[in-house]
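File shown: final.pdb. Contents: PDB, C-alpha atoms.
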```pdb
ATOM      1  CA  MET M  23     -23.489  23.277 -29.336
ATOM      2  CA  ILE M  24     -20.894  22.303 -31.961
ATOM      3  CA  GLN M  25     -20.648  18.611 -32.662
ATOM      4  CA  PRO M  26     -17.150  17.096 -32.191
ATOM      5  CA  HIS M  27     -14.908  17.180 -35.276
ATOM      6  CA  ARG M  28     -17.438  19.121 -37.348
ATOM      7  CA  GLU M  29     -14.867  21.777 -38.204
ATOM      8  CA  ASP M  30     -11.789  19.582 -38.325
ATOM      9  CA  VAL M  31      -9.694  20.224 -41.418
ATOM     10  CA  PRO M  32      -9.634  17.009 -43.473
ATOM     11  CA  ASP M  33      -6.360  15.413 -44.491
ATOM     12  CA  LEU M  34      -5.136  16.221 -47.963
ATOM     13  CA  PRO M  35      -6.031  13.522 -50.492
ATOM     14  CA  ASN M  36      -3.375  10.917 -51.190
ATOM     15  CA  ARG M  37      -5.167   8.515 -53.478
ATOM     16  CA  LEU M  38      -1.989   6.684 -54.521
ATOM     17  CA  GLY M  39      -0.785   6.292 -50.968
ATOM     18  CA  ILE M  40       2.507   8.051 -51.778
ATOM     19  CA  ASP M  41       5.007   7.682 -48.940
ATOM     20  CA  GLY M  42       8.245   9.232 -50.149
ATOM     21  CA  ILE M  43      10.919   8.497 -52.750
ATOM     22  CA  GLU M  44      12.230   4.940 -52.997
ATOM     23  CA  PHE M  45      15.022   5.701 -55.455
ATOM     24  CA  VAL M  46      16.293   8.178 -58.032
ATOM     25  CA  GLU M  47      17.911   6.876 -61.226
ATOM     26  CA  TYR M  48      20.625   8.446 -63.354
ATOM     27  CA  ALA M  49      21.282   7.267 -66.924
ATOM     28  CA  THR M  50      24.846   7.603 -68.175
ATOM     29  CA  THR M  51      27.466   6.119 -70.473
ATOM     30  CA  ARG M  52      30.132   7.084 -67.922
ATOM     31  CA  PRO M  53      29.180   5.138 -64.782
ATOM     32  CA  GLN M  54      32.647   5.226 -63.215
ATOM     33  CA  ALA M  55      32.951   9.010 -63.563
ATOM     34  CA  LEU M  56      29.464   9.513 -62.134
ATOM     35  CA  GLY M  57      30.260   7.054 -59.352
ATOM     36  CA  GLN M  58      33.222   9.178 -58.312
ATOM     37  CA  VAL M  59      30.954  12.253 -58.120
ATOM     38  CA  LEU M  60      28.413  10.377 -55.998
ATOM     39  CA  GLU M  61      31.053   9.027 -53.642
ATOM     40  CA  ARG M  62      32.324  12.550 -53.019
ATOM     41  CA  MET M  63      28.715  13.423 -52.104
ATOM     42  CA  GLY M  64      28.712  10.641 -49.496
ATOM     43  CA  PHE M  65      26.993   7.878 -51.477
ATOM     44  CA  ARG M  66      28.489   4.381 -51.499
ATOM     45  CA  PRO M  67      28.078   1.602 -54.093
ATOM     46  CA  VAL M  68      26.396  -1.253 -52.226
ATOM     47  CA  ALA M  69      24.930  -3.608 -54.858
ATOM     48  CA  ARG M  70      24.828  -4.455 -58.562
ATOM     49  CA  HIS M  71      21.907  -5.560 -60.701
ATOM     50  CA  ARG M  72      21.775  -9.270 -61.442
ATOM     51  CA  SER M  73      21.522  -8.964 -65.223
ATOM     52  CA  ARG M  74      22.033  -5.316 -66.234
ATOM     53  CA  GLU M  75      24.779  -2.739 -65.980
ATOM     54  CA  VAL M  76      23.131  -0.958 -63.075
ATOM     55  CA  THR M  77      24.667  -0.085 -59.696
ATOM     56  CA  LEU M  78      22.900   0.864 -56.474
ATOM     57  CA  TYR M  79      24.418   3.684 -54.397
ATOM     58  CA  ARG M  80      23.143   4.488 -50.927
ATOM     59  CA  GLN M  81      23.588   6.761 -47.946
ATOM     60  CA  GLY M  82      21.205   6.916 -45.043
ATOM     61  CA  ALA M  83      17.646   6.526 -46.335
ATOM     62  CA  MET M  84      18.555   7.539 -49.909
ATOM     63  CA  ASN M  85      18.798   4.989 -52.719
ATOM     64  CA  LEU M  86      20.358   6.203 -55.966
ATOM     65  CA  VAL M  87      20.639   3.995 -59.066
ATOM     66  CA  VAL M  88      23.217   4.483 -61.827
ATOM     67  CA  ASN M  89      21.943   2.940 -65.065
ATOM     68  CA  ALA M  90      24.613   2.365 -67.718
ATOM     69  CA  HIS M  91      22.928  -0.580 -69.437
ATOM     70  CA  PRO M  92      23.771  -0.172 -73.158
ATOM     71  CA  GLU M  93      20.448  -1.631 -74.314
ATOM     72  CA  ASP M  94      18.434   1.006 -72.455
ATOM     73  CA  ALA M  95      17.371   3.740 -74.878
ATOM     74  CA  ARG M  96      17.609   6.374 -72.144
ATOM     75  CA  VAL M  97      21.297   5.560 -71.715
ATOM     76  CA  SER M  98      22.107   5.617 -75.432
ATOM     77  CA  ALA M  99      20.203   8.912 -75.797
ATOM     78  CA  THR M 100      22.434  10.808 -73.372
ATOM     79  CA  VAL M 101      24.501  13.534 -75.037
ATOM     80  CA  ASP M 102      28.290  13.843 -74.745
ATOM     81  CA  GLY M 103      28.354  11.436 -71.829
ATOM     82  CA  GLN M 104      26.388  13.829 -69.602
ATOM     83  CA  PRO M 105      24.362  11.938 -66.971
ATOM     84  CA  VAL M 106      20.651  12.694 -66.708
ATOM     85  CA  ILE M 107      18.074  12.002 -64.019
ATOM     86  CA  SER M 108      16.105   9.343 -65.845
ATOM     87  CA  ALA M 109      13.577   8.210 -63.226
ATOM     88  CA  VAL M 110      12.069   8.828 -59.808
ATOM     89  CA  ALA M 111      10.476   5.884 -58.014
ATOM     90  CA  LEU M 112       7.578   6.759 -55.719
ATOM     91  CA  ARG M 113       6.685   4.605 -52.743
ATOM     92  CA  VAL M 114       2.963   3.877 -52.925
ATOM     93  CA  ARG M 115       0.371   1.787 -51.117
ATOM     94  CA  ASP M 116      -0.275  -0.538 -54.081
ATOM     95  CA  ALA M 117       1.961  -0.241 -57.155
ATOM     96  CA  LEU M 118      -0.365  -1.890 -59.662
ATOM     97  CA  GLN M 119      -3.386   0.096 -58.502
ATOM     98  CA  ALA M 120      -1.402   3.342 -58.566
ATOM     99  CA  HIS M 121      -0.184   2.575 -62.071
ATOM    100  CA  GLN M 122      -3.687   1.729 -63.289
ATOM    101  CA  ARG M 123      -5.174   4.885 -61.814
ATOM    102  CA  CYS M 124      -2.542   7.038 -63.526
ATOM    103  CA  ILE M 125      -3.244   5.334 -66.857
ATOM    104  CA  GLU M 126      -6.948   6.045 -66.401
ATOM    105  CA  MET M 127      -6.027   9.688 -65.743
ATOM    106  CA  GLY M 128      -4.230   9.860 -69.087
ATOM    107  CA  ALA M 129      -0.636   8.909 -68.233
ATOM    108  CA  TRP M 130       1.385   6.973 -70.809
ATOM    109  CA  PRO M 131       2.480   3.530 -69.620
ATOM    110  CA  VAL M 132       6.062   2.332 -69.996
ATOM    111  CA  ALA M 133       6.481  -1.147 -71.436
ATOM    112  CA  THR M 134       8.653  -3.143 -69.020
ATOM    113  CA  HIS M 135      10.470  -6.377 -69.765
ATOM    114  CA  ALA M 136      11.382  -8.049 -66.497
ATOM    115  CA  GLN M 137      13.641 -11.054 -66.926
ATOM    116  CA  ALA M 138      13.615 -14.268 -64.921
ATOM    117  CA  MET M 139      13.969 -13.694 -61.151
ATOM    118  CA  GLU M 140      13.307  -9.937 -61.577
ATOM    119  CA  LEU M 141      10.449  -7.875 -60.223
ATOM    120  CA  HIS M 142       8.015  -6.108 -62.515
ATOM    121  CA  ILE M 143       8.061  -2.437 -61.497
ATOM    122  CA  PRO M 144       5.224  -0.502 -63.195
ATOM    123  CA  ALA M 145       6.048   2.921 -64.601
ATOM    124  CA  ILE M 146       4.623   5.843 -66.558
ATOM    125  CA  HIS M 147       6.396   8.373 -68.754
ATOM    126  CA  GLY M 148       7.589  11.571 -67.084
ATOM    127  CA  PRO M 149       9.059  14.793 -68.490
ATOM    128  CA  GLY M 150      11.393  14.324 -71.432
ATOM    129  CA  ALA M 151      12.549  10.708 -71.554
ATOM    130  CA  SER M 152      12.215  10.174 -67.805
ATOM    131  CA  ARG M 153       9.925   7.810 -65.917
ATOM    132  CA  PHE M 154       7.935   7.630 -62.722
ATOM    133  CA  TYR M 155       8.110   4.182 -61.125
ATOM    134  CA  PHE M 156       5.728   2.865 -58.476
ATOM    135  CA  VAL M 157       7.131   0.726 -55.669
ATOM    136  CA  ASP M 158       5.094  -0.894 -52.896
ATOM    137  CA  ARG M 159       7.794  -3.117 -51.378
ATOM    138  CA  TRP M 160      10.163  -1.267 -49.068
ATOM    139  CA  GLN M 161       9.076  -2.149 -45.526
ATOM    140  CA  GLU M 162       9.251  -5.895 -44.924
ATOM    141  CA  PHE M 163      11.701  -6.311 -47.809
ATOM    142  CA  SER M 164      13.107  -4.162 -50.579
ATOM    143  CA  ILE M 165      13.000  -4.456 -54.356
ATOM    144  CA  PHE M 166      16.783  -4.323 -54.160
ATOM    145  CA  ASP M 167      16.780  -7.608 -52.225
ATOM    146  CA  ILE M 168      15.369  -9.286 -55.336
ATOM    147  CA  ASP M 169      16.993  -7.590 -58.320
ATOM    148  CA  PHE M 170      20.438  -6.727 -56.902
ATOM    149  CA  THR M 171      23.416  -8.639 -55.552
ATOM    150  CA  PRO M 172      25.233  -7.006 -52.605
ATOM    151  CA  ILE M 173      28.852  -6.025 -53.177
ATOM    152  CA  PRO M 174      30.913  -8.221 -50.825
ATOM    153  CA  THR M 175      32.462  -6.635 -47.699
ATOM    154  CA  VAL M 176      30.572  -3.359 -48.287
ATOM    155  CA  GLU M 177      28.333  -1.872 -45.585
ATOM    156  CA  GLN M 178      24.817  -2.133 -47.039
ATOM    157  CA  HIS M 179      23.397   0.819 -45.109
ATOM    158  CA  PRO M 180      26.114   3.496 -44.854
ATOM    159  CA  PRO M 181      25.117   6.445 -42.643
ATOM    160  CA  ALA M 182      24.098   9.739 -44.183
ATOM    161  CA  LEU M 183      26.691  12.483 -44.285
ATOM    162  CA  ALA M 184      25.574  15.415 -42.079
ATOM    163  CA  GLY M 185      22.049  13.975 -41.948
ATOM    164  CA  LEU M 186      21.471  14.307 -45.708
ATOM    165  CA  GLY M 187      18.200  13.028 -47.145
ATOM    166  CA  TYR M 188      15.982  13.575 -50.171
ATOM    167  CA  PHE M 189      14.344  17.007 -49.975
ATOM    168  CA  GLY M 190      12.960  17.313 -53.481
ATOM    169  CA  VAL M 191      13.394  17.344 -57.246
ATOM    170  CA  VAL M 192      13.855  20.331 -59.555
ATOM    171  CA  GLN M 193      12.162  19.967 -62.942
ATOM    172  CA  TYR M 194      12.843  22.332 -65.843
ATOM    173  CA  ILE M 195       9.690  22.958 -67.877
ATOM    174  CA  GLY M 196       8.885  24.750 -71.114
ATOM    175  CA  CYS M 197       7.924  28.396 -71.447
ATOM    176  CA  ASP M 198       4.364  29.051 -70.181
ATOM    177  CA  ARG M 199       3.988  25.351 -69.291
ATOM    178  CA  ALA M 200       3.587  25.869 -65.544
ATOM    179  CA  PRO M 201      -0.245  25.640 -65.516
ATOM    180  CA  ASP M 202      -0.110  22.312 -67.381
ATOM    181  CA  TRP M 203       2.468  20.777 -65.050
ATOM    182  CA  ILE M 204       0.803  22.098 -61.907
ATOM    183  CA  ALA M 205      -2.466  20.518 -63.018
ATOM    184  CA  TYR M 206      -0.609  17.291 -63.842
ATOM    185  CA  PHE M 207       0.923  16.913 -60.388
ATOM    186  CA  GLU M 208      -2.287  17.978 -58.643
ATOM    187  CA  GLN M 209      -4.504  15.548 -60.527
ATOM    188  CA  MET M 210      -2.084  12.653 -61.058
ATOM    189  CA  PHE M 211      -0.298  12.548 -57.696
ATOM    190  CA  ASP M 212      -2.344  14.852 -55.402
ATOM    191  CA  PHE M 213       0.534  17.310 -54.957
ATOM    192  CA  GLN M 214      -0.310  20.699 -53.440
ATOM    193  CA  LEU M 215       0.905  24.038 -54.826
ATOM    194  CA  LEU M 216       2.593  26.104 -52.102
ATOM    195  CA  PRO M 217       2.069  29.867 -51.775
ATOM    196  CA  ASP M 218       4.718  32.145 -53.266
ATOM    197  CA  ASP M 219       5.959  33.248 -49.840
ATOM    198  CA  GLU M 220       6.766  29.686 -48.768
ATOM    199  CA  ARG M 221      10.238  29.004 -50.146
ATOM    200  CA  PHE M 222      13.280  26.981 -49.156
ATOM    201  CA  GLY M 223      16.990  27.105 -49.940
ATOM    202  CA  ILE M 224      18.754  29.759 -52.023
ATOM    203  CA  LEU M 225      17.170  29.111 -55.448
ATOM    204  CA  PRO M 226      13.541  30.117 -54.869
ATOM    205  CA  LYS M 227      12.411  30.641 -58.469
ATOM    206  CA  GLY M 228       9.546  28.777 -60.082
ATOM    207  CA  TYR M 229       6.613  26.966 -58.521
ATOM    208  CA  LEU M 230       6.903  24.719 -55.495
ATOM    209  CA  MET M 231       4.632  21.749 -54.838
ATOM    210  CA  ARG M 232       4.459  19.450 -51.804
ATOM    211  CA  SER M 233       3.874  15.718 -52.062
ATOM    212  CA  PRO M 234       0.660  14.484 -50.400
ATOM    213  CA  CYS M 235       2.708  12.596 -47.804
ATOM    214  CA  GLY M 236       4.600  15.787 -46.942
ATOM    215  CA  GLY M 237       7.894  13.955 -47.367
ATOM    216  CA  PHE M 238       9.370  15.840 -50.328
ATOM    217  CA  LEU M 239       8.888  18.819 -52.638
ATOM    218  CA  TRP M 240       8.746  19.282 -56.402
ATOM    219  CA  GLN M 241       9.970  22.510 -58.011
ATOM    220  CA  LEU M 242       8.891  23.583 -61.507
ATOM    221  CA  VAL M 243      11.162  26.147 -63.173
ATOM    222  CA  GLU M 244      10.383  27.879 -66.467
ATOM    223  CA  PRO M 245      13.173  29.284 -68.686
ATOM    224  CA  GLU M 246      14.448  32.809 -68.177
ATOM    225  CA  PRO M 247      12.890  35.060 -70.886
ATOM    226  CA  ALA M 248      16.171  36.963 -71.205
ATOM    227  CA  LEU M 249      18.086  33.782 -72.035
ATOM    228  CA  GLU M 250      16.954  32.921 -75.547
ATOM    229  CA  GLN M 251      19.028  29.734 -75.657
ATOM    230  CA  SER M 252      16.993  28.318 -72.759
ATOM    231  CA  LEU M 253      13.590  28.883 -74.330
ATOM    232  CA  ASP M 254      13.857  25.830 -76.574
ATOM    233  CA  ALA M 255      15.626  23.601 -74.042
ATOM    234  CA  PRO M 256      13.872  20.256 -73.484
ATOM    235  CA  GLU M 257      11.868  19.607 -70.345
ATOM    236  CA  CYS M 258      13.759  17.420 -67.898
ATOM    237  CA  LEU M 259      14.453  16.474 -64.303
ATOM    238  CA  GLN M 260      17.333  18.858 -63.627
ATOM    239  CA  ARG M 261      18.742  18.207 -60.148
ATOM    240  CA  LEU M 262      18.113  16.802 -56.683
ATOM    241  CA  GLY M 263      17.571  18.755 -53.496
ATOM    242  CA  LEU M 264      19.161  17.197 -50.406
ATOM    243  CA  GLY M 265      17.904  18.274 -47.006
ATOM    244  CA  THR M 266      20.146  18.652 -43.954
ATOM    245  CA  PRO M 267      19.545  20.029 -40.465
ATOM    246  CA  ASP M 268      22.842  21.949 -40.648
ATOM    247  CA  VAL M 269      23.851  23.344 -44.051
ATOM    248  CA  GLY M 270      27.150  24.730 -42.778
ATOM    249  CA  THR M 271      28.254  21.380 -41.384
ATOM    250  CA  ALA M 272      27.215  19.615 -44.588
ATOM    251  CA  VAL M 273      29.081  22.119 -46.777
ATOM    252  CA  ALA M 274      32.244  21.774 -44.665
ATOM    253  CA  ALA M 275      32.067  17.966 -44.748
ATOM    254  CA  LEU M 276      31.529  17.892 -48.511
ATOM    255  CA  ARG M 277      34.275  20.420 -49.190
ATOM    256  CA  ALA M 278      36.637  18.189 -47.246
ATOM    257  CA  ARG M 279      35.716  15.420 -49.681
ATOM    258  CA  GLY M 280      36.509  17.580 -52.719
ATOM    259  CA  VAL M 281      33.024  18.913 -53.533
ATOM    260  CA  GLU M 282      33.020  22.490 -54.866
ATOM    261  CA  PHE M 283      30.184  24.950 -54.357
ATOM    262  CA  VAL M 284      28.935  27.861 -56.435
ATOM    263  CA  GLU M 285      30.247  31.169 -55.101
ATOM    264  CA  SER M 286      29.105  34.476 -56.587
ATOM    265  CA  SER M 287      27.761  37.856 -55.561
ATOM    266  CA  ARG M 288      24.218  36.495 -55.828
ATOM    267  CA  LEU M 289      24.721  32.876 -54.831
ATOM    268  CA  HIS M 290      26.892  31.434 -52.098
ATOM    269  CA  PRO M 291      26.528  28.829 -49.361
ATOM    270  CA  GLU M 292      24.628  30.064 -46.328
ATOM    271  CA  ASP M 293      22.440  28.735 -43.529
ATOM    272  CA  ARG M 294      19.425  28.253 -45.831
ATOM    273  CA  GLY M 295      21.182  26.291 -48.566
ATOM    274  CA  ALA M 296      24.014  25.821 -51.049
ATOM    275  CA  LEU M 297      24.531  24.621 -54.617
ATOM    276  CA  THR M 298      27.339  22.332 -55.757
ATOM    277  CA  ARG M 299      29.214  23.184 -58.933
ATOM    278  CA  SER M 300      28.005  21.210 -61.926
ATOM    279  CA  THR M 301      30.215  18.241 -62.786
ATOM    280  CA  LEU M 302      30.265  16.018 -65.871
ATOM    281  CA  GLY M 303      28.357  18.819 -67.563
ATOM    282  CA  SER M 304      25.054  18.197 -65.815
ATOM    283  CA  VAL M 305      25.280  16.823 -62.261
ATOM    284  CA  ALA M 306      24.587  19.251 -59.415
ATOM    285  CA  PHE M 307      23.022  18.958 -55.976
ATOM    286  CA  GLU M 308      21.216  21.625 -54.000
ATOM    287  CA  LEU M 309      21.532  21.544 -50.215
ATOM    288  CA  VAL M 310      18.494  22.842 -48.345
ATOM    289  CA  HIS M 311      18.002  23.440 -44.632
ATOM    290  CA  ARG M 312      15.350  21.260 -43.065
ATOM    291  CA  ASP M 313      14.388  20.849 -39.455
ATOM    292  CA  ALA M 314      15.930  17.834 -37.763
TER
END
```
Show how you would write the structure in this file as structure tokens.
Amino acid sequence: MIQPHREDVPDLPNRLGIDGIEFVEYATTRPQALGQVLERMGFRPVARHRSREVTLYRQGAMNLVVNAHPEDARVSATVDGQPVISAVALRVRDALQAHQRCIEMGAWPVATHAQAMELHIPAIHGPGASRFYFVDRWQEFSIFDIDFTPIPTVEQHPPALAGLGYFGVVQYIGCDRAPDWIAYFEQMFDFQLLPDDERFGILPKGYLMRSPCGGFLWQLVEPEPALEQSLDAPECLQRLGLGTPDVGTAVAALRARGVEFVESSRLHPEDRGALTRSTLGSVAFELVHRDA
């Protein structure tokens, strides 16, 4: 007789208690131009940082931060005014414990300098000049309730356009660097590598990893060998994937707002996904079908 639960498949490890993405940060010297792009995508500016040139945009459950603070080295390092994804904040069970565990695993800590009346948000260095933040306050109250001042008369929780929500992040990596980055996400964050036949959207290249909470994906893309100019390109967080239960409806709604999509013989909007045309030289969003 088989004992109960003897052959149950155990849950995947989630030692940091990751529970989704709290916010994504862009660094830019052109915050107004980037703000216009985000508003066309359905985001709304809802709050401003108390002491820094940082604005919070939101739609539905997505928080997106535009960092234009001139004293931030990541802002001053941007090239030709092109915005870059400079940070991803992970929701975790305990931010300080998560940060300490990552340091013990070999991550490089980021020195933070919280001012009076500001929260200390621990972080480690990510690809390129980016960061991974750890946030453990999003349920009973938000970090934005402390560090940001709401913009008067603005709806603080605007609804998501066509059910949009964070689906994942696309990271460009160096040539032959996939094994290193796969090991990094497996060991540091308990991500799981998906099989090659499990793909989403219309840009299936690279390696796809699922977060331990199952709430979002991470895509690692190596340079094309035929494109010599891409072989020496720096590693970076390249673009965001936004999930929607109806890609066609989302594309139509965004087109009505002035968003343009890539159309070619190999790539065009369809039921599985769509890709917006790059604006400001670097900002693009990938729409991906997800179940409602």
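Surrounding range 240-248 of chain M within 7 Å are Gly190, Val191, Val192, Gln193, Tyr194, Ile195, Gly196, Cys197, Lys227, Gly228, Tyr229, Leu230, Met231, Arg232, Ser252 and Leu253 of chain M, with only C-alpha atoms counted and residues fewer than 4 positions along the same chain left out.
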Residues matched by the PyMOL selection byres ((chain M and resi 255-265) around 9) as a PyMOL selection string: chain M and resi 46+106-109+148-152+185-196+239+245+251-254+266-269+295+304-313
Atom pair CA of Val88 in chain M / CA of Leu112 in chain M: separation (Å): 16.9 Å
Point-to-point distance in Å for CA of Pro144 in chain M and CA of Trp130 in chain M: 11.3 Å
Explicit residues for the PyMOL selection byres ((chain M and resi 66) around 12) (as number ranges by chain): M: 56-65, 67-70, 77-82, 84-88, 172-173, 176-183
9 Å contact set for range 99-101 of chain M, all atoms listed in the file, chain neighbours under 6 positions out, as number ranges by chain: M: 49-51, 151
From M:Leu38, M:Ala314, M:Ile224, M:Glu126, residue lying nearest His290 in chain M [all atoms listed in the file]: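 Closest residue, counting all atoms listed in the file: M:Ile224.
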Within 10 Å of file point (5.6, 8.0, -60.2), counting all atoms listed in the file, expressed as a list of chain:residue names: M:Leu38, M:Ile40, M:Ile43, M:Ala109, M:Val110, M:Ala111, M:Leu112, M:Arg113, M:Val114, M:Ala117, M:Ala120, M:His121, M:Cys124, M:Pro144, M:Ala145, M:Ile146, M:His147, M:Gly148, M:Arg153, M:Phe154, M:Tyr155, M:Phe156, M:Val157, M:Met210, M:Phe211
Atomic separation - CA of His91 in chain M relative to CA of Arg159 in chain M, Å: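 Computing it gives 23.7 Å between the two atoms.
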Distance criterion (all atoms listed in the file): nearest to Phe213 in chain M out of M:Gly236, M:Pro226, M:Pro201, M:Gly42: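 Once distances to Phe213 in chain M are computed over all atoms listed in the file, the minimum belongs to M:Gly236.
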Resolved residues for the PyMOL selection byres ((chain M and resi 161) around 12) as an MDAnalysis selection string: chainID M and resid 41 44 113:115 157:160 162:167
Distance criterion (all atoms listed in the file): nearest to Leu215 in chain M out of M:Thr175, M:Ser233, M:Ser73, M:Thr298: M:Ser233
Residue with smallest distance to Asp212 in chain M - pool M:Pro35, M:Ser287, M:Val97, M:Thr301, counting all atoms listed in the file: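 Among the listed residues, M:Pro35 lies closest to Asp212 in chain M.
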Some atoms are missing, so please complete range 35-48 of chain M with N, CA and C atoms and return it as a short mmCIF file (atom, residue, chain, number, x, y, z; two decimals), in the coordinates of the input.
```
data_model
loop_
_atom_site.label_atom_id
_atom_site.label_comp_id
_atom_site.auth_asym_id
_atom_site.auth_seq_id
_atom_site.Cartn_x
_atom_site.Cartn_y
_atom_site.Cartn_z
N PRO M 35 -5.88 14.82 -49.81
CA PRO M 35 -6.03 13.52 -50.49
C PRO M 35 -4.68 12.94 -50.87
N ASN M 36 -4.58 11.64 -50.79
CA ASN M 36 -3.38 10.92 -51.19
C ASN M 36 -3.84 9.58 -51.76
N ARG M 37 -4.48 9.68 -52.92
CA ARG M 37 -5.17 8.52 -53.48
C ARG M 37 -4.22 7.40 -53.91
N LEU M 38 -2.95 7.73 -54.17
CA LEU M 38 -1.99 6.68 -54.52
C LEU M 38 -1.28 6.12 -53.30
N GLY M 39 -1.50 6.73 -52.16
CA GLY M 39 -0.78 6.29 -50.97
C GLY M 39 0.71 6.56 -51.06
N ILE M 40 1.09 7.71 -51.63
CA ILE M 40 2.51 8.05 -51.78
C ILE M 40 3.14 8.21 -50.40
N ASP M 41 4.33 7.64 -50.23
CA ASP M 41 5.01 7.68 -48.94
C ASP M 41 6.50 7.91 -49.13
N GLY M 42 6.86 8.87 -49.97
CA GLY M 42 8.24 9.23 -50.15
C GLY M 42 8.85 8.72 -51.44
N ILE M 43 10.16 8.92 -51.57
CA ILE M 43 10.92 8.50 -52.75
C ILE M 43 11.69 7.23 -52.42
N GLU M 44 11.49 6.19 -53.21
CA GLU M 44 12.23 4.94 -53.00
C GLU M 44 13.61 5.01 -53.63
N PHE M 45 13.70 5.51 -54.85
CA PHE M 45 15.02 5.70 -55.46
C PHE M 45 14.94 6.74 -56.56
N VAL M 46 16.11 7.30 -56.88
CA VAL M 46 16.29 8.18 -58.03
C VAL M 46 17.30 7.50 -58.95
N GLU M 47 17.04 7.54 -60.25
CA GLU M 47 17.91 6.88 -61.23
C GLU M 47 18.58 7.90 -62.14
N TYR M 48 19.88 7.71 -62.34
CA TYR M 48 20.62 8.45 -63.35
C TYR M 48 20.92 7.49 -64.51
#
```
